[in-house]
Structure formats: C-alpha cells, structure tokens
>>> print(open('upload.cif').read())   # mmCIF, C-alpha atoms
data_upload
#
loop_
_atom_site.label_atom_id
_atom_site.label_comp_id
_atom_site.auth_asym_id
_atom_site.auth_seq_id
_atom_site.Cartn_x
_atom_site.Cartn_y
_atom_site.Cartn_z
CA MET A 19 -126.63 20.41 -78.83
CA SER A 20 -126.26 18.76 -82.20
CA MET A 21 -124.04 21.63 -83.38
CA SER A 22 -121.81 21.12 -80.34
CA SER A 23 -121.60 17.43 -81.13
CA LEU A 24 -120.67 18.20 -84.74
CA TRP A 25 -117.90 20.52 -83.61
CA ASN A 26 -116.61 17.92 -81.15
CA MET A 27 -116.73 15.33 -83.89
CA GLY A 28 -114.72 17.64 -86.14
CA ILE A 29 -112.10 18.11 -83.42
CA GLN A 30 -111.81 14.34 -83.00
CA ILE A 31 -111.43 13.85 -86.76
CA ILE A 32 -108.64 16.44 -86.90
CA PHE A 33 -106.67 15.12 -83.93
CA PHE A 34 -107.05 11.34 -84.28
CA PRO A 35 -104.64 11.11 -87.25
CA ILE A 36 -102.11 13.23 -85.33
CA LEU A 37 -102.41 11.14 -82.17
CA ALA A 38 -102.15 7.92 -84.19
CA ARG A 39 -98.68 9.01 -85.30
CA ILE A 40 -97.60 9.79 -81.72
CA TYR A 41 -99.06 6.88 -79.71
CA ASP A 42 -98.53 3.35 -81.00
CA PRO A 43 -101.02 0.43 -80.73
CA GLU A 44 -99.39 -0.88 -77.56
CA ALA A 45 -99.74 2.50 -75.80
CA TYR A 46 -103.37 2.68 -76.85
CA GLY A 47 -103.84 -0.90 -75.75
CA THR A 48 -102.54 -0.11 -72.26
CA PHE A 49 -104.72 2.99 -72.03
CA SER A 50 -107.70 0.99 -73.27
CA VAL A 51 -107.27 -1.53 -70.46
CA ILE A 52 -107.17 1.23 -67.82
CA ASN A 53 -110.02 3.14 -69.47
CA SER A 54 -112.20 0.02 -69.71
CA ALA A 55 -111.85 -0.54 -65.97
CA VAL A 56 -112.71 3.15 -65.38
CA MET A 57 -115.80 3.07 -67.59
CA ILE A 58 -117.12 -0.13 -66.00
CA THR A 59 -116.53 0.88 -62.39
CA GLY A 60 -117.62 4.48 -62.98
CA THR A 61 -121.05 3.18 -63.96
CA VAL A 62 -121.49 1.57 -60.54
CA LEU A 63 -120.50 4.42 -58.25
CA THR A 64 -123.81 6.32 -58.23
CA LEU A 65 -125.94 3.14 -58.07
CA GLY A 66 -127.97 4.13 -61.12
CA TYR A 67 -129.54 7.25 -59.59
CA THR A 68 -127.79 9.48 -62.15
CA ARG A 69 -130.20 8.32 -64.86
CA ALA A 70 -133.17 9.51 -62.77
CA ILE A 71 -132.00 13.13 -62.56
CA VAL A 72 -133.52 14.10 -65.89
CA LEU A 73 -136.88 12.70 -64.77
CA ALA A 74 -137.10 14.79 -61.58
CA LYS A 75 -139.83 17.38 -62.15
CA GLU A 76 -139.73 19.07 -58.73
CA GLU A 77 -136.69 20.85 -57.30
CA ASP A 78 -136.92 18.93 -54.01
CA MET A 79 -136.79 15.62 -55.86
CA LEU A 80 -133.82 16.80 -57.91
CA GLN A 81 -131.86 17.79 -54.83
CA ALA A 82 -132.70 14.50 -53.14
CA LEU A 83 -131.43 12.56 -56.17
CA LEU A 84 -128.25 14.62 -56.27
CA ARG A 85 -127.65 13.82 -52.61
CA LEU A 86 -128.26 10.10 -53.24
CA CYS A 87 -125.76 10.18 -56.09
CA LEU A 88 -123.09 11.91 -54.01
CA ARG A 89 -123.56 9.68 -50.95
CA SER A 90 -123.36 6.58 -53.10
CA LEU A 91 -120.29 7.99 -54.83
CA VAL A 92 -118.42 8.49 -51.55
CA TRP A 93 -118.99 4.99 -50.20
CA THR A 94 -118.49 3.10 -53.45
CA GLY A 95 -115.45 5.26 -54.28
CA VAL A 96 -113.75 4.23 -51.05
CA VAL A 97 -114.50 0.55 -51.74
CA LEU A 98 -113.13 0.85 -55.28
CA PHE A 99 -109.92 2.46 -53.99
CA LEU A 100 -109.35 -0.37 -51.49
CA ILE A 101 -110.00 -3.00 -54.19
CA THR A 102 -107.53 -1.28 -56.53
CA VAL A 103 -104.84 -1.18 -53.83
CA ALA A 104 -105.35 -4.86 -53.06
CA PHE A 105 -105.70 -6.25 -56.60
CA GLY A 106 -104.32 -3.61 -58.96
CA ASP A 107 -101.08 -5.44 -59.71
CA LEU A 108 -102.93 -8.70 -60.31
CA PHE A 109 -105.28 -6.92 -62.72
CA LEU A 110 -102.37 -5.60 -64.79
CA GLU A 111 -100.73 -9.02 -64.81
CA LEU A 112 -103.92 -10.66 -66.10
CA MET A 113 -104.21 -7.98 -68.81
CA ASN A 114 -100.54 -8.36 -69.84
CA ALA A 115 -100.08 -4.65 -69.10
CA THR A 116 -97.68 -4.70 -66.14
CA TYR A 117 -95.69 -1.80 -67.63
CA ALA A 118 -98.63 0.48 -66.73
CA GLY A 119 -97.21 0.35 -63.21
CA TYR A 120 -98.58 2.84 -60.71
CA TRP A 121 -101.05 4.21 -63.25
CA VAL A 122 -103.38 1.40 -62.22
CA TYR A 123 -104.13 3.51 -59.11
CA SER A 124 -105.62 6.19 -61.35
CA ILE A 125 -108.63 3.90 -61.91
CA PRO A 126 -110.65 4.95 -58.80
CA VAL A 127 -109.80 8.63 -59.33
CA LEU A 128 -110.91 8.58 -62.96
CA ALA A 129 -114.01 6.54 -62.12
CA ILE A 130 -115.09 9.15 -59.55
CA LEU A 131 -114.46 11.99 -62.02
CA LEU A 132 -116.44 10.11 -64.66
CA ALA A 133 -119.38 9.62 -62.28
CA LEU A 134 -119.36 13.33 -61.38
CA ASP A 135 -119.25 14.21 -65.06
CA GLN A 136 -122.31 12.05 -65.73
CA ILE A 137 -124.18 13.77 -62.90
CA GLY A 138 -123.44 17.10 -64.57
CA VAL A 139 -124.47 15.82 -68.00
CA GLN A 140 -127.85 14.49 -66.83
CA TRP A 141 -128.47 17.62 -64.78
CA SER A 142 -127.77 19.87 -67.77
CA ILE A 143 -130.23 17.85 -69.88
CA ARG A 144 -132.91 18.32 -67.23
CA GLU A 145 -132.23 22.06 -67.22
CA LYS A 146 -132.31 22.16 -71.06
CA LEU A 147 -128.91 23.85 -71.21
CA PHE A 148 -128.06 22.55 -74.65
CA LYS A 149 -126.75 25.85 -76.05
CA LYS A 150 -124.72 26.71 -72.94
CA VAL A 151 -123.13 23.28 -72.88
CA SER A 152 -122.06 23.63 -76.51
CA LEU A 153 -120.23 26.88 -75.72
CA VAL A 154 -117.91 25.23 -73.21
CA GLU A 155 -117.58 21.68 -74.55
CA ILE A 156 -115.91 22.79 -77.77
CA PRO A 157 -112.97 24.71 -76.19
CA LEU A 158 -112.62 22.04 -73.51
CA ALA A 159 -112.40 19.27 -76.12
CA LEU A 160 -109.91 21.30 -78.16
CA GLY A 161 -107.78 22.09 -75.12
CA SER A 162 -107.64 18.47 -73.97
CA LYS A 163 -106.58 17.28 -77.42
CA LEU A 164 -103.84 19.92 -77.59
CA PHE A 165 -102.63 18.76 -74.18
CA ASN A 166 -102.70 15.17 -75.42
CA VAL A 167 -100.57 16.01 -78.44
CA GLY A 168 -98.12 18.16 -76.48
CA TYR A 169 -97.65 15.59 -73.72
CA GLY A 170 -97.11 12.76 -76.17
CA LYS A 171 -94.75 14.76 -78.36
CA PHE A 172 -92.55 16.38 -75.72
CA ILE A 173 -92.91 14.32 -72.52
CA SER A 174 -94.00 10.72 -73.08
CA ALA A 175 -95.75 8.84 -75.89
CA GLN A 176 -96.99 6.17 -73.49
CA ALA A 177 -100.42 5.62 -71.96
CA ASP A 178 -99.94 8.24 -69.20
CA GLY A 179 -100.68 11.13 -71.59
CA LEU A 180 -103.95 9.53 -72.62
CA ILE A 181 -104.90 8.86 -68.99
CA LEU A 182 -104.20 12.44 -67.91
CA THR A 183 -106.29 13.76 -70.81
CA SER A 184 -109.28 11.76 -69.59
CA ALA A 185 -108.88 13.23 -66.11
CA ILE A 186 -108.82 16.76 -67.51
CA MET A 187 -111.96 16.14 -69.59
CA TYR A 188 -114.05 14.58 -66.81
CA GLY A 189 -112.98 16.91 -64.02
CA GLY A 190 -113.01 20.06 -66.11
CA ARG A 191 -116.45 19.46 -67.54
CA PHE A 192 -118.00 18.72 -64.13
CA MET A 193 -116.59 21.92 -62.63
CA LEU A 194 -117.94 23.92 -65.56
CA PHE A 195 -121.37 22.37 -65.05
CA VAL A 196 -121.73 23.15 -61.36
CA THR A 197 -119.88 26.49 -61.21
CA GLY A 198 -120.96 28.15 -64.45
CA LEU A 199 -123.54 26.44 -66.63
CA ILE A 200 -126.16 25.32 -64.12
CA ASN A 201 -127.84 28.14 -62.23
CA ASN A 202 -126.65 27.99 -58.58
CA GLY A 203 -125.34 24.50 -59.34
CA TRP A 204 -122.97 24.13 -56.40
CA LYS A 205 -125.46 25.58 -53.91
CA ARG A 206 -128.30 23.36 -55.13
CA MET A 207 -126.10 20.26 -55.06
CA THR A 208 -124.93 20.86 -51.46
CA HIS A 209 -128.29 22.11 -50.14
CA ALA A 210 -129.50 20.43 -46.92
CA ILE A 211 -131.95 17.59 -47.59
CA SER A 212 -134.42 16.14 -45.11
CA ARG A 213 -134.58 12.44 -44.40
CA GLU A 214 -138.16 12.42 -45.65
CA SER A 215 -137.12 13.77 -49.05
CA LEU A 216 -134.33 11.22 -49.35
CA GLN A 217 -136.67 8.41 -48.42
CA GLU A 218 -139.25 9.61 -50.94
CA ALA A 219 -136.62 9.63 -53.70
CA LYS A 220 -135.43 6.14 -52.73
CA GLU A 221 -138.97 4.79 -52.85
CA LYS A 222 -139.89 6.47 -56.13
CA PHE A 223 -136.76 5.25 -57.89
CA ALA A 224 -136.39 1.97 -56.02
CA ASN A 225 -135.89 0.05 -59.28
CA TYR A 226 -132.88 2.07 -60.30
CA PRO A 227 -130.24 0.41 -58.07
CA ARG A 228 -131.70 -2.98 -59.02
CA TYR A 229 -132.47 -2.65 -62.73
CA ILE A 230 -131.06 0.60 -64.10
CA LEU A 231 -127.72 0.17 -62.32
CA THR A 232 -127.45 -3.44 -63.44
CA SER A 233 -128.57 -2.59 -66.97
CA GLY A 234 -126.11 0.28 -67.20
CA LEU A 235 -123.33 -1.88 -65.82
CA LEU A 236 -124.09 -4.65 -68.29
CA ASN A 237 -124.26 -2.17 -71.15
CA THR A 238 -120.94 -0.56 -70.27
CA ALA A 239 -119.23 -3.85 -69.44
CA SER A 240 -120.40 -5.40 -72.69
CA SER A 241 -118.93 -2.45 -74.60
CA TYR A 242 -115.54 -2.76 -72.93
CA VAL A 243 -115.26 -6.47 -72.21
CA PRO A 244 -113.60 -7.13 -75.61
CA VAL A 245 -110.83 -4.67 -74.70
CA LEU A 246 -110.17 -6.68 -71.52
CA LEU A 247 -110.58 -10.14 -73.04
CA LEU A 248 -108.36 -9.61 -76.10
CA PRO A 249 -105.08 -9.04 -74.21
CA ALA A 250 -106.03 -11.46 -71.44
CA MET A 251 -106.79 -14.37 -73.81
CA THR A 252 -104.34 -13.66 -76.64
CA GLY A 253 -101.43 -12.20 -74.67
CA ASN A 254 -101.18 -9.28 -77.13
CA THR A 255 -101.98 -5.81 -75.74
CA SER A 256 -101.75 -4.32 -79.23
CA TYR A 257 -104.99 -6.12 -80.13
CA ALA A 258 -106.76 -4.01 -77.52
CA GLY A 259 -105.24 -0.95 -79.20
CA PHE A 260 -106.41 -2.04 -82.65
CA PHE A 261 -109.90 -2.79 -81.34
CA THR A 262 -110.10 0.56 -79.54
CA TYR A 263 -108.94 2.52 -82.57
CA ALA A 264 -111.39 0.64 -84.77
CA LEU A 265 -114.15 1.84 -82.46
CA ILE A 266 -112.82 5.41 -82.40
CA VAL A 267 -114.15 6.05 -85.88
CA LEU A 268 -117.29 3.94 -85.44
CA ASP A 269 -118.11 5.67 -82.16
CA LEU A 270 -118.01 9.17 -83.65
CA PRO A 271 -121.60 8.89 -84.94
CA VAL A 272 -122.56 7.29 -81.59
CA ARG A 273 -121.24 10.31 -79.73
CA LEU A 274 -123.13 12.61 -82.04
CA LEU A 275 -126.32 10.63 -81.59
CA SER A 276 -126.00 10.20 -77.81
CA SER A 277 -124.94 13.72 -76.82
CA GLY A 278 -127.18 15.44 -79.36
CA ILE A 279 -130.15 13.50 -80.71
CA ALA A 280 -130.55 11.02 -77.83
CA SER A 281 -130.42 13.71 -75.16
CA VAL A 282 -133.07 15.83 -76.87
CA PHE A 283 -135.21 12.76 -77.62
CA LEU A 284 -135.11 11.68 -73.97
CA GLN A 285 -136.27 15.09 -72.82
CA ARG A 286 -139.04 15.32 -75.45
CA SER A 287 -140.26 11.75 -74.97
CA THR A 288 -140.60 12.38 -71.23
CA GLU A 289 -142.89 15.31 -72.01
CA LEU A 290 -145.06 13.32 -74.44
CA TRP A 291 -145.44 10.07 -72.49
CA PRO A 292 -148.01 8.91 -71.42
CA ASN A 293 -150.46 11.70 -72.28
CA HIS A 294 -149.63 11.99 -75.99
CA PRO A 295 -148.74 8.48 -77.23
CA GLU A 296 -149.62 9.17 -80.89
CA ALA A 297 -147.25 12.14 -81.06
CA LEU A 298 -144.49 10.04 -79.47
CA GLN A 299 -145.08 7.21 -81.95
CA GLU A 300 -144.83 9.58 -84.90
CA ARG A 301 -141.66 11.22 -83.57
CA THR A 302 -140.07 7.86 -82.74
CA LEU A 303 -140.73 6.24 -86.11
CA LYS A 304 -139.57 9.28 -88.06
CA LEU A 305 -136.33 9.41 -86.05
CA TYR A 306 -135.72 5.67 -86.48
CA TYR A 307 -135.94 5.82 -90.27
CA ARG A 308 -133.58 8.79 -90.41
CA LEU A 309 -131.10 6.94 -88.24
CA LEU A 310 -131.25 3.96 -90.60
CA LEU A 311 -130.04 6.14 -93.47
CA ILE A 312 -127.11 7.37 -91.37
CA ALA A 313 -126.25 3.77 -90.46
CA ALA A 314 -126.39 2.64 -94.08
CA GLY A 315 -123.98 5.39 -95.14
CA VAL A 316 -121.43 4.42 -92.49
CA VAL A 317 -121.62 0.74 -93.46
CA VAL A 318 -120.96 1.53 -97.12
CA VAL A 319 -117.95 3.74 -96.40
CA ILE A 320 -116.25 1.89 -93.52
CA GLY A 321 -117.35 -1.60 -94.58
CA GLY A 322 -116.13 -0.99 -98.11
CA ALA A 323 -112.86 0.84 -97.52
CA GLY A 324 -112.08 0.71 -93.79
CA GLU A 325 -108.59 -0.77 -94.10
CA GLU A 326 -107.57 1.66 -96.86
CA ILE A 327 -109.00 4.67 -95.00
CA TYR A 328 -107.12 3.79 -91.81
CA ALA A 329 -103.85 3.21 -93.65
CA ILE A 330 -104.07 6.63 -95.31
CA VAL A 331 -105.49 8.67 -92.45
CA PHE A 332 -103.80 7.05 -89.44
CA SER A 333 -100.71 5.46 -91.08
CA GLU A 334 -99.97 1.91 -92.16
CA ARG A 335 -99.44 0.63 -88.62
CA TRP A 336 -103.18 1.12 -87.99
CA ALA A 337 -104.38 -0.67 -91.16
CA GLU A 338 -105.37 -3.74 -89.13
CA ALA A 339 -107.61 -1.53 -87.01
CA GLY A 340 -109.33 -0.42 -90.21
CA ALA A 341 -109.87 -4.02 -91.26
CA ALA A 342 -111.41 -4.68 -87.84
CA ALA A 343 -113.66 -1.63 -88.25
CA SER A 344 -114.95 -2.96 -91.58
CA PHE A 345 -116.21 -6.04 -89.69
CA LEU A 346 -117.45 -4.23 -86.59
CA VAL A 347 -119.59 -1.86 -88.63
CA LEU A 348 -121.97 -4.77 -89.29
CA SER A 349 -123.20 -4.68 -85.70
CA TYR A 350 -122.86 -0.90 -85.46
CA PHE A 351 -125.47 -0.54 -88.21
CA PHE A 352 -128.16 -1.67 -85.77
CA ARG A 353 -126.61 0.28 -82.90
CA TYR A 354 -126.78 3.57 -84.82
CA ALA A 355 -130.46 3.03 -85.56
CA GLY A 356 -131.59 1.85 -82.14
CA MET A 357 -129.31 3.44 -79.55
CA PRO A 358 -130.90 6.92 -79.41
CA LEU A 359 -134.31 5.31 -78.86
CA SER A 360 -133.21 3.18 -75.91
CA SER A 361 -134.22 5.95 -73.50
CA LEU A 362 -137.82 4.86 -74.14
CA PHE A 363 -137.21 1.97 -71.75
CA LEU A 364 -136.90 4.58 -69.00
CA THR A 365 -139.63 6.84 -70.30
CA THR A 366 -142.15 3.98 -70.36
CA ALA A 367 -140.87 2.51 -67.05
CA LYS A 368 -139.78 -0.79 -68.64
CA GLU A 369 -136.60 -1.13 -66.59
CA ARG A 370 -136.88 -4.91 -66.37
CA GLU A 371 -137.00 -5.32 -70.15
CA LEU A 372 -133.99 -3.04 -70.49
CA PHE A 373 -132.13 -5.23 -68.03
CA ILE A 374 -132.97 -8.39 -70.01
CA PHE A 375 -131.72 -6.92 -73.27
CA GLN A 376 -128.54 -5.60 -71.67
CA ALA A 377 -127.89 -9.04 -70.19
CA LEU A 378 -128.30 -10.68 -73.60
CA LEU A 379 -126.07 -8.08 -75.22
CA PHE A 380 -123.40 -8.57 -72.57
CA LEU A 381 -123.52 -12.34 -73.04
CA SER A 382 -123.23 -12.08 -76.83
CA ARG A 383 -120.24 -9.75 -76.60
CA LEU A 384 -118.55 -11.90 -73.98
CA LEU A 385 -118.98 -15.10 -75.97
CA GLY A 386 -118.20 -13.31 -79.22
CA ILE A 387 -114.64 -12.75 -78.05
CA ALA A 388 -114.13 -15.63 -75.61
CA ILE A 389 -115.12 -18.52 -77.91
CA PRO A 390 -112.94 -17.74 -80.95
CA ALA A 391 -110.05 -16.52 -78.76
CA TYR A 392 -110.14 -19.76 -76.79
CA LEU A 393 -110.07 -21.69 -80.08
CA GLY A 394 -106.95 -19.79 -81.12
CA TRP A 395 -108.46 -17.89 -84.06
CA ALA A 396 -106.64 -14.98 -85.68
CA PHE A 397 -107.47 -11.44 -84.56
CA LEU A 398 -109.67 -10.48 -87.53
CA ASP A 399 -111.51 -13.80 -87.42
CA ILE A 400 -112.33 -13.12 -83.76
CA ILE A 401 -113.64 -9.67 -84.64
CA PHE A 402 -115.84 -10.98 -87.47
CA PHE A 403 -117.40 -13.66 -85.25
CA TYR A 404 -117.94 -11.09 -82.50
CA SER A 405 -119.65 -8.64 -84.86
CA VAL A 406 -122.00 -11.21 -86.40
CA LEU A 407 -123.05 -12.57 -83.01
CA THR A 408 -123.73 -9.18 -81.46
CA ALA A 409 -125.55 -7.87 -84.55
CA THR A 410 -128.51 -10.20 -83.92
CA VAL A 411 -129.13 -9.00 -80.36
CA THR A 412 -128.53 -5.36 -81.32
CA PHE A 413 -131.08 -5.67 -84.14
CA ILE A 414 -133.86 -6.78 -81.78
CA PHE A 415 -132.78 -4.38 -79.03
CA GLY A 416 -132.95 -1.46 -81.46
CA LEU A 417 -136.47 -2.31 -82.62
CA TRP A 418 -137.98 -2.95 -79.19
CA PRO A 419 -138.41 0.73 -78.21
CA LEU A 420 -140.83 1.07 -81.13
CA LYS A 421 -142.97 -1.65 -79.56
CA LEU A 422 -142.90 0.14 -76.21
CA THR A 423 -144.72 3.11 -77.74
CA GLY A 424 -147.42 0.84 -79.21
CA LEU A 425 -146.03 0.65 -82.76
CA SER A 426 -145.85 -2.59 -84.76
CA ILE A 427 -142.24 -3.60 -85.37
CA TRP A 428 -142.74 -5.88 -88.40
CA LYS A 429 -142.63 -3.25 -91.11
CA PRO A 430 -139.66 -1.38 -89.56
CA ALA A 431 -137.90 -4.74 -89.15
CA LEU A 432 -138.27 -5.60 -92.85
CA ILE A 433 -137.12 -2.13 -93.91
CA THR A 434 -134.14 -2.39 -91.57
CA LEU A 435 -133.05 -5.77 -92.96
CA ALA A 436 -133.52 -4.65 -96.57
CA LEU A 437 -131.41 -1.54 -96.04
CA PHE A 438 -128.78 -3.53 -94.14
CA ILE A 439 -128.44 -6.07 -96.95
CA ALA A 440 -128.28 -3.36 -99.60
CA SER A 441 -125.59 -1.39 -97.74
CA CYS A 442 -123.54 -4.55 -97.13
CA ALA A 443 -123.76 -5.41 -100.82
CA LEU A 444 -122.49 -1.96 -101.76
CA ALA A 445 -119.67 -2.27 -99.23
CA LEU A 446 -118.68 -5.64 -100.65
CA GLY A 447 -118.68 -4.19 -104.15
CA ILE A 448 -116.31 -1.43 -103.03
CA GLN A 449 -114.01 -4.01 -101.44
CA LEU A 450 -113.88 -5.98 -104.69
CA ILE A 451 -113.02 -2.83 -106.64
CA LEU A 452 -110.26 -1.82 -104.20
CA SER A 453 -108.76 -5.29 -103.83
CA PRO A 454 -105.64 -5.89 -105.96
#
>>> encode(input="upload.cif", output="structure tokens")
Amino acid sequence: MSMSSLWNMGIQIIFFPILARIYDPEAYGTFSVINSAVMITGTVLTLGYTRAIVLAKEEDMLQALLRLCLRSLVWTGVVLFLITVAFGDLFLELMNATYAGYWVYSIPVLAILLALDQIGVQWSIREKLFKKVSLVEIPLALGSKLFNVGYGKFISAQADGLILTSAIMYGGRFMLFVTGLINNGWKRMTHAISRESLQEAKEKFANYPRYILTSGLLNTASSYVPVLLLPAMTGNTSYAGFFTYALIVLDLPVRLLSSGIASVFLQRSTELWPNHPEALQERTLKLYYRLLLIAAGVVVVIGGAGEEIYAIVFSERWAEAGAAASFLVLSYFFRYAGMPLSSLFLTTAKERELFIFQALLFLSRLLGIAIPAYLGWAFLDIIFFYSVLTATVTFIFGLWPLKLTGLSIWKPALITLALFIASCALALGIQLILSP
C-alpha cells in the first residue's frame, strides 16, 4: 500500500506543475468551493457507519453495515439534492462564485460518489487488499490526470475540468472495488439482510451516528472551512485557490500517511488491542517518532523555501500560495506526526474523546480565519494567524493517542517540541539566506 501511495504521490508531483500552468487561481478557487461542499456533505451521507466496516469481524456484520451505509446514502442523498436545488444559487452568491453556474448541482452527485468510494476504501482495508488496490489506483490516478490536462488544454481551463476529474476518480475507483478487487463484492453488498442483523449492527455501533459521524463531519469541515470562509469574507475567490494549492503540496505526505501507513496501522492496532497492549504501545511509539522526522524534513524545506519552490515549479502566479504554505507547514508538522495514530480513538472505543478534539480543532480553524478576515488583515497575515492557532490543538490531538494505549505523553511531548523548534530555526535560516 505504501508503494501505491508513493506512485500516486509521484504522479501528483509530475502533473501539478502542468495543471498550474493551465488552470489559474480563480479556476482553482471555484473548484475548491465546490469540492469543499462535496467533501463536507459526503462525510454525512453514510451517517458514520463507513468507519465501522473495517472493524466487522464476521461476514454477517459486514453485510449489515454495508446495507446500513447504502440505506443511509439513499435517504441523505435525496435530501442533499433537494437542498442544492433550493439553495444552490444562494450558496454560490455567498461564496462569490456565481460564474460556477449549473455546476453547483454536481455537489450531490459528487458527494454520493465520494461516499461510495469511502465504502470501497474501508472494505478493501478490512479485506487486506493492499497489493490489489495498488495495481489499479496507479493507472486510475494517471488516467484522471491525463484527462484533466487534456480537458483544460483543449476544451476549457475553468473549474468544470477539475470537477469532472473528481467524478471520474470517485466513481471509477468504487466500481473497481466492487466489481474486481473485492471477492464477490457486488453480490456481498446487495445480499439480503435480515432485520435482526440490521438491528444488531445498529446496536453494536450505536455511537457511530452520534460521535463518529459528528467527529468526521467536524474534522472534514474544519479542513475545508477556510476554503469557504476566505472568498465569503474577503470577496476574493483567488484566495481560496491560493490556499488550496498551498495545501496540495502539504497534503501529499498526508495522503501517503493516510492511504498507506494509517490504513495498515488501523488494521494492525485492531488485532493487537486489547489483548496485547504492550505490543501496541511499542508499535505506536516507534511509528510516532518516525513520523516526527518526516514532519521535521517537510518544515525545513517548505518553511524555508516555500515561496521560491512554488514560483519555480508552478510559475510566478502561484508564488503567494508558496508563501502561504511556508506558514501552514507550522501546523502541518503536528498533523504529520499525529494523524496516522488517530485511528486509536476508534480502536480503543474512545469516540467521545475523538469528538471533543474534532470540535476543538474545528473551532480553532473557524476562528483562525474568521477573526483576522473580519479585522481586514492581508491574506498572508490571515494564514499565519490561522496556522499558529490550529498548531496548538493539533499538537495535543496528535499526542493523545499515545495516552490511549497507556503510554506517558510527557517525554514524547518534549521531544516533539524540541524537534519542532529546531526545524523552524533551520527553516528561518534558509529564509534569511534566500532573502535578497
């Protein structure tokens, strides 16, 4: 799975500079607004049951969870479509993206495809299909990027090409999961389920619609709320494009960690807890320290030369996105180290604590943009304030999974802060050298 993630990361690195020269910040800003709505609403559609699929040990429980996901998806999908029809134009007006036009109606379609894709992803993790998934994800990612380039170059360099690419990725990957990768996937997903089995699944995972759904919604919303707030409060859609492109580079390690390391860690931690807590503690601490080194390296490179790297790789018109990335990497340091371990909240059945942290993270990200934007600060000043505020919550959130396994967090906390300070100092030194 990690090799697949590396290949996907390589594809992204190759195509991002090409796409940056085809689609301008305003086009990316418009797509970011639509995509943010898709990501937030797509999290809601299965009511949190998707996250329980990997924990189902019996086939009957798996099929019951799949049926709960699909039933929830049908009803919530219809509601989302009606809301989009009623308030879609108002949404675009508030986001200063009225030129997106009828593409606002793609939101419910993409949200449903995204939810189906997440069902397939969690199901493949449960089935331990890491190698099979890697064989199809690489050509699918390559094909979608080629489509993206061709559409933007020869048809339209507006947000529609980016939106259509997302639809191809979500829909194509789900169909590959259920028709090829997962053994008898379509048959198992549509198999008749008794009322007793459904009721048993509802009772066993009763906390998921309450805590896991809300936690997931808060987590997703907090990630995308800046993209919605920036154009709404500043009146400049390009700022959403700059912010999104700043995250494109910073999110590459996140994608590697989430689709590779985090997926494997979730599966292994489920096997070890609660019967082998010492083995889980050892594995968790070793992984955390390795992740810290990765985070430190990214801070030094992007924090020290983000603006220059963006100007060279993506062209001068994206230099401001690079400057934003050099600020955002401060909070991403703690995200890199802690994000793959967050599955321990589910493994140890601490859904309520996960909810509390997600609520605090959402609040910090909301206020991090809203306060300085309301005060009329410049774009980069807003981003710096946002990054510093969210870094504090992310730091604690990243350490807490260690505590859940029974480990003391004081020593890891001191090591984390020492490495963070050292990497920031190196980044600052690079900035001073590069500054005219």
>>> closest_residue(input="upload.cif", among="A:Thr197, A:Ser361, A:Thr262, A:Gln140", to="A:Tyr242", atoms="only C-alpha atoms")
A:Thr262
>>> resolve_selection(input="upload.cif", expression="the PyMOL selection byres ((chain A and resi 178) around 12)", output="CSV table (one decimal) with C-alpha atoms, keeping the file's coordinate frame")
chain,number,residue,atom,x,y,z
A,41,TYR,CA,-99.1,6.9,-79.7
A,45,ALA,CA,-99.7,2.5,-75.8
A,46,TYR,CA,-103.4,2.7,-76.8
A,47,GLY,CA,-103.8,-0.9,-75.8
A,48,THR,CA,-102.5,-0.1,-72.3
A,49,PHE,CA,-104.7,3.0,-72.0
A,50,SER,CA,-107.7,1.0,-73.3
A,52,ILE,CA,-107.2,1.2,-67.8
A,53,ASN,CA,-110.0,3.1,-69.5
A,117,TYR,CA,-95.7,-1.8,-67.6
A,118,ALA,CA,-98.6,0.5,-66.7
A,119,GLY,CA,-97.2,0.4,-63.2
A,120,TYR,CA,-98.6,2.8,-60.7
A,121,TRP,CA,-101.0,4.2,-63.2
A,122,VAL,CA,-103.4,1.4,-62.2
A,123,TYR,CA,-104.1,3.5,-59.1
A,124,SER,CA,-105.6,6.2,-61.4
A,165,PHE,CA,-102.6,18.8,-74.2
A,166,ASN,CA,-102.7,15.2,-75.4
A,169,TYR,CA,-97.6,15.6,-73.7
A,170,GLY,CA,-97.1,12.8,-76.2
A,173,ILE,CA,-92.9,14.3,-72.5
A,174,SER,CA,-94.0,10.7,-73.1
A,175,ALA,CA,-95.8,8.8,-75.9
A,176,GLN,CA,-97.0,6.2,-73.5
A,177,ALA,CA,-100.4,5.6,-72.0
A,179,GLY,CA,-100.7,11.1,-71.6
A,180,LEU,CA,-104.0,9.5,-72.6
A,181,ILE,CA,-104.9,8.9,-69.0
A,182,LEU,CA,-104.2,12.4,-67.9
A,183,THR,CA,-106.3,13.8,-70.8
A,184,SER,CA,-109.3,11.8,-69.6
A,185,ALA,CA,-108.9,13.2,-66.1
>>> residues_near_point(input="upload.cif", point="(-123.3, 5.9, -61.4)", cutoff="9 Å", atoms="all atoms listed in the file", output="list of chain:residue names")
A:Thr59, A:Gly60, A:Thr61, A:Val62, A:Leu63, A:Thr64, A:Leu65, A:Gly66, A:Tyr67, A:Thr68, A:Arg69, A:Cys87, A:Ser90, A:Leu91, A:Leu132, A:Ala133, A:Leu134, A:Gln136, A:Ile137, A:Leu231, A:Gly234, A:Leu235
>>> closest_residue(input="upload.cif", among="A:Ile389, A:Ala355, A:Val56, A:Ile36", to="A:Leu305", atoms="all atoms listed in the file")
A:Ala355
>>> atom_distance(input="upload.cif", atom1="atom CA of A:Leu80", atom2="atom CA of A:Met187")
24.8 Å
>>> closest_residue(input="upload.cif", among="A:Val411, A:Ala337, A:Ile101, A:Ala377", to="A:Phe352", atoms="all atoms listed in the file")
A:Val411
>>> closest_residue(input="upload.cif", among="A:Leu378, A:Leu425, A:Ala74, A:Cys442", to="A:Val316", atoms="all atoms listed in the file")
A:Cys442
>>> atom_distance(input="upload.cif", atom1="atom CA of A:Glu300", atom2="atom CA of A:Ala367")
19.6 Å
>>> residues_around(input="upload.cif", residues="stretch 413-424 of chain A", least_positions_apart="5", cutoff="6 Å", atoms="all atoms listed in the file", output="list in words")
Gln299, Phe352, Gly356 and Leu362 of chain A
>>> resolve_selection(input="upload.cif", expression="the PyMOL selection byres ((chain A and resi 143) around 9)", output="PyMOL selection string")
chain A and resi 71-72+138-142+144-148+281-282+284-285
>>> residues_near_point(input="upload.cif", point="(-109.8, -1.8, -82.5)", cutoff="7 Å", atoms="only C-alpha atoms", output="number ranges by chain")
A: 257-265, 339, 342-343
>>> resolve_selection(input="upload.cif", expression="the PyMOL selection byres ((chain A and resi 452) around 12)", output="PyMOL selection string")
chain A and resi 321-327+445-451+453-454
>>> write_last_selection(input="upload.cif", atoms="C-alpha atoms", output="compact mmCIF listing (two decimals), keeping the file's coordinate frame")
# COMPACT_ATOMS: atom_id res chain seq x y z
CA GLY A 321 -117.35 -1.60 -94.58
CA GLY A 322 -116.13 -0.99 -98.11
CA ALA A 323 -112.86 0.84 -97.52
CA GLY A 324 -112.08 0.71 -93.79
CA GLU A 325 -108.59 -0.77 -94.10
CA GLU A 326 -107.57 1.66 -96.86
CA ILE A 327 -109.00 4.67 -95.00
CA ALA A 445 -119.67 -2.27 -99.23
CA LEU A 446 -118.68 -5.64 -100.65
CA GLY A 447 -118.68 -4.19 -104.15
CA ILE A 448 -116.31 -1.43 -103.03
CA GLN A 449 -114.01 -4.01 -101.44
CA LEU A 450 -113.88 -5.98 -104.69
CA ILE A 451 -113.02 -2.83 -106.64
CA SER A 453 -108.76 -5.29 -103.83
CA PRO A 454 -105.64 -5.89 -105.96
